[in-house]
Amino acid sequence: MATFTVNGKAVSVEKNQKLIRFLRDELHLTSVKDGCSEGACGTCTVLIDGKPTKACIPQTDKMEGKSVLTVEGLSDFEKDVYTYAFGKAGAVQCGFCIPGMVISAKALLDANPNPTREEAAFAIRNNICRCTGYVKIIDGILLAAETLRSGEIPALPTDWNLGARVPRVDVREKVTGTGQYPDDVYLDGMLYASAVRSRYPRARVLAIRTEAAKALPGVAGVFTAADIPGQNKVGHLQKDWDTMIPVGEVTHYLGDTICIVAAETKEILEQAKALVEVDYEELPMVRSPKEAMLPDAPLVHRSGNLLAHKHIQRGNPAEAIARSKYVLTQHFSTPWTEHAFLEPECAVAFPEGDGVTIWSTDQGAYDTQHETMGMLGLPAEKVKVKNLLVGGGFGGKEDVTVQHHAALVAYLLKRPVKVKLTRAESILIHPKRHPMEMEFSMGCDENGIIQGVAAEVIADTGAYASLGGPVLERACTHAAGPYNYQNFEIDGWAYYTNNPPAGAFRGFGVTQTCFCVESLLNQMADKVGITPWEIRWRNAIRPGQELPNGQIVDASTGLAETLEAVKPYYDAAKYVGIGCAMKNAGVGVGIPDTGRIRLRVEEGKLHIYAGASCIGQGLGTVLTQMVCDQTGLGRDDVVYERSNTYLAPDSGTTSGSRQTLVTGEACRRACEKLNEAKKENPLSHLEGQEFYGEYLAKTDPLGADVPNPVSHVAYGYATQICILDDEGKIEKIVAAHDVGKAVNPTSVEGQIEGGVVMSMGFALTERYPLEDCKPLARYGTLGLFRANQVPEVKALIVEKPGLDVACGAIGIGEITSIPTAPAIADAYFRYDGNFRSSLPLENTPYSKK
């Protein structure tokens, strides 16, 4: 029993519990986010007697007489200040970390109204952000300090046209904590459900005994594969992922679901799960592709251990390399990486008629619908999906994890249910970045002009297919780099193992192969006797030239311009490394890729309906700006609606840096139709009318028998440099990115900064260790960069016209992470002469002691 105050009101707590559980579950103060419940992420930060504290640590019995403040308890003026400052600075992306950031900022500014940049960074050192790279959050804190000192909040911008620096459409709800993520939902009569997971990476399930769990008071149901009314198998492209492992079948990894338990409370749920007894026959596991390819290897799947093989060839690279004056061959290794988004997976589902509705946090509402339909055996109209706010994805929320489980329980029990992964479950279950073993050979002439590249790639795709095939394909198609030569060959293999699955991750396989080709190019420059910058300048693809895949690039191609943008910084630095990259916008390679949008006039305003998930990248703001720009409507006349499957048309998955271009062009086309209608009538006279836009990003299939196949409708290009100080610490990263048209420069900078810092971790500090197919990491041991560890990140936006769709805008989300690692590796080679060919880099000031 304890009595204390929360936001100025006295409360009494009889049941001892974590403070976070009391604040969220009983007071419903949902600005206090549950990111890890391990004291590692900072999303649950509150003020206790004026001191920032993670609410997942103290027990309520220890709170006697104390005072707690959450974002809900800020004054209206403070809420307005932080909304203005964080919005103008571009501090908010997915938003899940932001209330905790605001609380830490308040603690700082209450004590120090005029902090330095270093003091602001130190104040949020215990608050992790995976989206922004912290740069703009620190900007927002300093702007909030300035605004609080002045006592006046400046007016918001009124120009929402393309190119305007405007705040995101969802800033206020994310800053103040009023916006809902699925875990913030509390419905009357809501159950809680969770999975009993496999005890072994590979074992046959002999029996599942659920009687004791079912008999526990408060348990609403325990379900096995036998209770699934439709198909047990789910999967984006390949239906190989078991919703639950049936009796008699074999588990594939430790994340496999054996059964699902639903109960009235979280406490009863955990008790019931412990009562489920499972008999196993433990079987030999497959730990790596090396083991998977052995002739007598156990089969992870009956179809065999090889998920995918990709072979791409153009020209005769073997002959070209053999004739080259300079030849380099090198083996490279890149590791598993965990997405580490701040919001663990969560879904709420409830029965609706004889169907079910799912409120989800994912990267494709229609993907979730299609997966769930097959599992439940229901038509599309019986399975409705709506995205609530999504707390980050980076590819890790493309596969269903909890959505179909929640739908199953709600459908069978006819009650609302919430299913949420713990952070430990999230780290285990969702697909990771593929580890890859790669060998690259490159030949150049006496002037450093690339003659040919040949490569082999072996990827560990883990227990299930996920998007392992397309990731391998993209790793192969982009392995040639953004250069003008035509002799290229690569073989890639992705093998099943009993490790956690691997799938989509920001960069989509290109992050791994780019590290190889860019590192080789840096070494080649030394052999030729020119600088790494110069060798790229000589080989850089330019408009009208031919990529190694045969595509003739368009007028928007701006790799040379990104090289020019970084050159002054490169020339002035003592220890400097460089890397370039290209990344497709859109799915490409002949796969149907359609953006769709519906603009509808409702109550005098224009509502934007697109079934594309906004996961922090700012799609809602992009579409709003595009509508304002193309129609002349003001910001107050436009409403962005969150993705769903019943009012918004299918716009495809938020993946492959595709939404700005593909759905953006659909939006532009819908605006054309609206403008035609507006010639005769003002918006107020168009009530109830709809204006539909659709765009098919048409491309040629991989290996198409045409002289110059169109692999992708557009590419973004980038050059990044890493500058070290005399102690070998990163002093600055300069990142120049060709984006076509920058819809919102502030958001573009934020994407660049966030991507750079994410790949700083990939290059230097992040680890996802496995032992006998079991992850050993916790959130706090993943090696994520913190705000006070991040160097200066200088984002340079290169705008170049030439793309004839989406008002010239090219996606920016993925490419920001691709060239960072080779640039950092090259910087360390220039610093100490040690060539490093595996990640994370060893023997740096950031290496784990």
# chains A, B, ... in the order shown; residues from 1 in each chain; ligands from 1

call {"tool": "select_by_dssp", "arguments": {"residues": "stretch 391-529 of chain A", "states": "alpha helix (DSSP H)", "output": "VMD selection string"}}
result
chain A and resid 403 to 413 423 to 429 468 to 477 510 to 528

call {"tool": "residues_around", "arguments": {"residues": "A:His370", "least_positions_apart": "4", "cutoff": "9 Å", "atoms": "only C-alpha atoms", "output": "MDAnalysis selection string"}}
result
chainID A and resid 236 365:366 374:375 380 383

call {"tool": "residues_around", "arguments": {"residues": "stretch 125-139 of chain A", "least_positions_apart": "3", "cutoff": "8 Å", "atoms": "only C-alpha atoms", "output": "PyMOL selection string"}}
result
chain A and resi 40-43+86+89-94+97+100-101+117+120-122+142-143+340-342+392+616+750-751+753-758+784-788+790+793

call {"tool": "select_by_dssp", "arguments": {"residues": "stretch 439-622 of chain A", "states": "strand (DSSP E)", "output": "ChimeraX atom specification"}}
result
/A:439-444,450-462,488-496,575-585,594-602,605-609

call {"tool": "closest_residue", "arguments": {"among": "A:Glu676, A:Asp170, A:Glu731, A:Glu771", "to": "A:Tyr640", "atoms": "only C-alpha atoms"}}
result
A:Asp170

call {"tool": "closest_residue", "arguments": {"among": "A:Gly595, A:Gly703, A:Gly586, A:Pro52", "to": "A:Asp110", "atoms": "only C-alpha atoms"}}
result
A:Pro52

call {"tool": "residues_around", "arguments": {"residues": "A:Asn316", "least_positions_apart": "3", "cutoff": "7 Å", "atoms": "only C-alpha atoms", "output": "count of residues only"}}
result
3

call {"tool": "closest_residue", "arguments": {"among": "A:Thr624, A:Gln689, A:Asn498, A:Ser441", "to": "A:Arg600", "atoms": "only C-alpha atoms"}}
result
A:Gln689

call {"tool": "closest_atom_pairs", "arguments": {"of": "stretch 569-686 of chain A", "to": "stretch 457-481 of chain A", "cutoff": "12 Å", "atoms": "only C-alpha atoms", "output": "JSON lines"}}
result
{"residue": "A:Gly579", "atom": "CA", "partner": "A:Gly481", "partner_atom": "CA", "distance": 10.3}
{"residue": "A:Cys580", "atom": "CA", "partner": "A:Gly481", "partner_atom": "CA", "distance": 7.9}
{"residue": "A:Ala581", "atom": "CA", "partner": "A:Gly481", "partner_atom": "CA", "distance": 6.4}
{"residue": "A:Met582", "atom": "CA", "partner": "A:Gly481", "partner_atom": "CA", "distance": 6.8}
{"residue": "A:Lys583", "atom": "CA", "partner": "A:His478", "partner_atom": "CA", "distance": 7.5}
{"residue": "A:Asn584", "atom": "CA", "partner": "A:His478", "partner_atom": "CA", "distance": 8.7}
{"residue": "A:Ala585", "atom": "CA", "partner": "A:Arg474", "partner_atom": "CA", "distance": 11.8}
{"residue": "A:Gly586", "atom": "CA", "partner": "A:Arg474", "partner_atom": "CA", "distance": 11.7}
{"residue": "A:Val587", "atom": "CA", "partner": "A:Pro470", "partner_atom": "CA", "distance": 9.3}
{"residue": "A:Gly588", "atom": "CA", "partner": "A:Arg474", "partner_atom": "CA", "distance": 9.8}
{"residue": "A:Val589", "atom": "CA", "partner": "A:Thr477", "partner_atom": "CA", "distance": 9.5}
{"residue": "A:Ile591", "atom": "CA", "partner": "A:Pro470", "partner_atom": "CA", "distance": 10.6}
{"residue": "A:Ser655", "atom": "CA", "partner": "A:Leu467", "partner_atom": "CA", "distance": 10.9}
{"residue": "A:Gly656", "atom": "CA", "partner": "A:Arg474", "partner_atom": "CA", "distance": 9.9}

call {"tool": "residues_around", "arguments": {"residues": "A:Thr660", "least_positions_apart": "2", "cutoff": "9 Å", "atoms": "only C-alpha atoms", "output": "list in words"}}
result
Ala585, Leu619, Val622, Leu623, Ser657, Arg658, Val662, Thr663, Gly664, Glu665, Val743, Ala806, Ala809, Ile810, Gly811 and Ile812 of chain A

call {"tool": "residues_around", "arguments": {"residues": "A:Met438", "least_positions_apart": "3", "cutoff": "6 Å", "atoms": "only C-alpha atoms", "output": "JSON, numbers by chain"}}
result
{"A": [331, 332, 456, 457]}

call {"tool": "write_last_selection", "arguments": {"atoms": "C-alpha atoms", "output": "PDB file, in the first residue's frame"}}
result
ATOM      1  CA  HIS A 331      36.259 -12.215 -48.372  1.00  0.00           C
ATOM      2  CA  PHE A 332      33.780 -10.155 -46.330  1.00  0.00           C
ATOM      3  CA  GLU A 456      29.462 -14.901 -54.388  1.00  0.00           C
ATOM      4  CA  VAL A 457      27.085 -14.363 -51.470  1.00  0.00           C
TER       5      VAL A 457
END

call {"tool": "residues_around", "arguments": {"residues": "A:Gly693", "least_positions_apart": "5", "cutoff": "7 Å", "atoms": "only C-alpha atoms", "output": "PDB file with N, CA, C and O atoms, in the first residue's frame"}}
result
ATOM      1  N   ARG A 596      -1.988   3.281 -54.859  1.00  0.00           N
ATOM      2  CA  ARG A 596      -3.387   3.671 -55.032  1.00  0.00           C
ATOM      3  C   ARG A 596      -3.771   4.669 -53.948  1.00  0.00           C
ATOM      4  O   ARG A 596      -3.298   4.576 -52.814  1.00  0.00           O
ATOM      5  N   ILE A 597      -4.645   5.577 -54.306  1.00  0.00           N
ATOM      6  CA  ILE A 597      -5.087   6.563 -53.321  1.00  0.00           C
ATOM      7  C   ILE A 597      -6.499   7.013 -53.656  1.00  0.00           C
ATOM      8  O   ILE A 597      -6.905   6.998 -54.833  1.00  0.00           O
ATOM      9  N   ARG A 598      -7.245   7.354 -52.636  1.00  0.00           N
ATOM     10  CA  ARG A 598      -8.598   7.883 -52.810  1.00  0.00           C
ATOM     11  C   ARG A 598      -8.690   9.202 -52.041  1.00  0.00           C
ATOM     12  O   ARG A 598      -8.432   9.241 -50.834  1.00  0.00           O
ATOM     13  N   ALA A 666       0.445   8.170 -57.480  1.00  0.00           N
ATOM     14  CA  ALA A 666      -1.000   7.918 -57.452  1.00  0.00           C
ATOM     15  C   ALA A 666      -1.729   9.134 -56.888  1.00  0.00           C
ATOM     16  O   ALA A 666      -2.796   9.525 -57.384  1.00  0.00           O
ATOM     17  N   CYS A 667      -1.151   9.744 -55.876  1.00  0.00           N
ATOM     18  CA  CYS A 667      -1.737  10.937 -55.268  1.00  0.00           C
ATOM     19  C   CYS A 667      -1.782  12.087 -56.271  1.00  0.00           C
ATOM     20  O   CYS A 667      -2.792  12.799 -56.396  1.00  0.00           O
ATOM     21  N   ARG A 669      -1.946  11.938 -59.458  1.00  0.00           N
ATOM     22  CA  ARG A 669      -2.961  11.650 -60.471  1.00  0.00           C
ATOM     23  C   ARG A 669      -4.371  11.894 -59.937  1.00  0.00           C
ATOM     24  O   ARG A 669      -5.247  12.390 -60.656  1.00  0.00           O
ATOM     25  N   ALA A 670      -4.589  11.543 -58.676  1.00  0.00           N
ATOM     26  CA  ALA A 670      -5.894  11.823 -58.072  1.00  0.00           C
ATOM     27  C   ALA A 670      -6.123  13.331 -57.963  1.00  0.00           C
ATOM     28  O   ALA A 670      -7.249  13.816 -58.160  1.00  0.00           O
TER      29      ALA A 670
END

call {"tool": "closest_residue", "arguments": {"among": "A:Glu211, A:Glu78, A:Asp826, A:Asp240", "to": "A:Val175", "atoms": "only C-alpha atoms"}}
result
A:Glu78

call {"tool": "closest_residue", "arguments": {"among": "A:Pro845, A:Gly221, A:Gly558, A:Pro568", "to": "A:His737", "atoms": "only C-alpha atoms"}}
result
A:Gly558

call {"tool": "closest_residue", "arguments": {"among": "A:Ala195, A:Met63, A:Val276, A:Ala697", "to": "A:Thr3", "atoms": "only C-alpha atoms"}}
result
A:Met63

call {"tool": "atom_distance", "arguments": {"atom1": "atom CA of A:Leu606", "atom2": "atom CA of A:Phe691"}}
result
10.1 Å
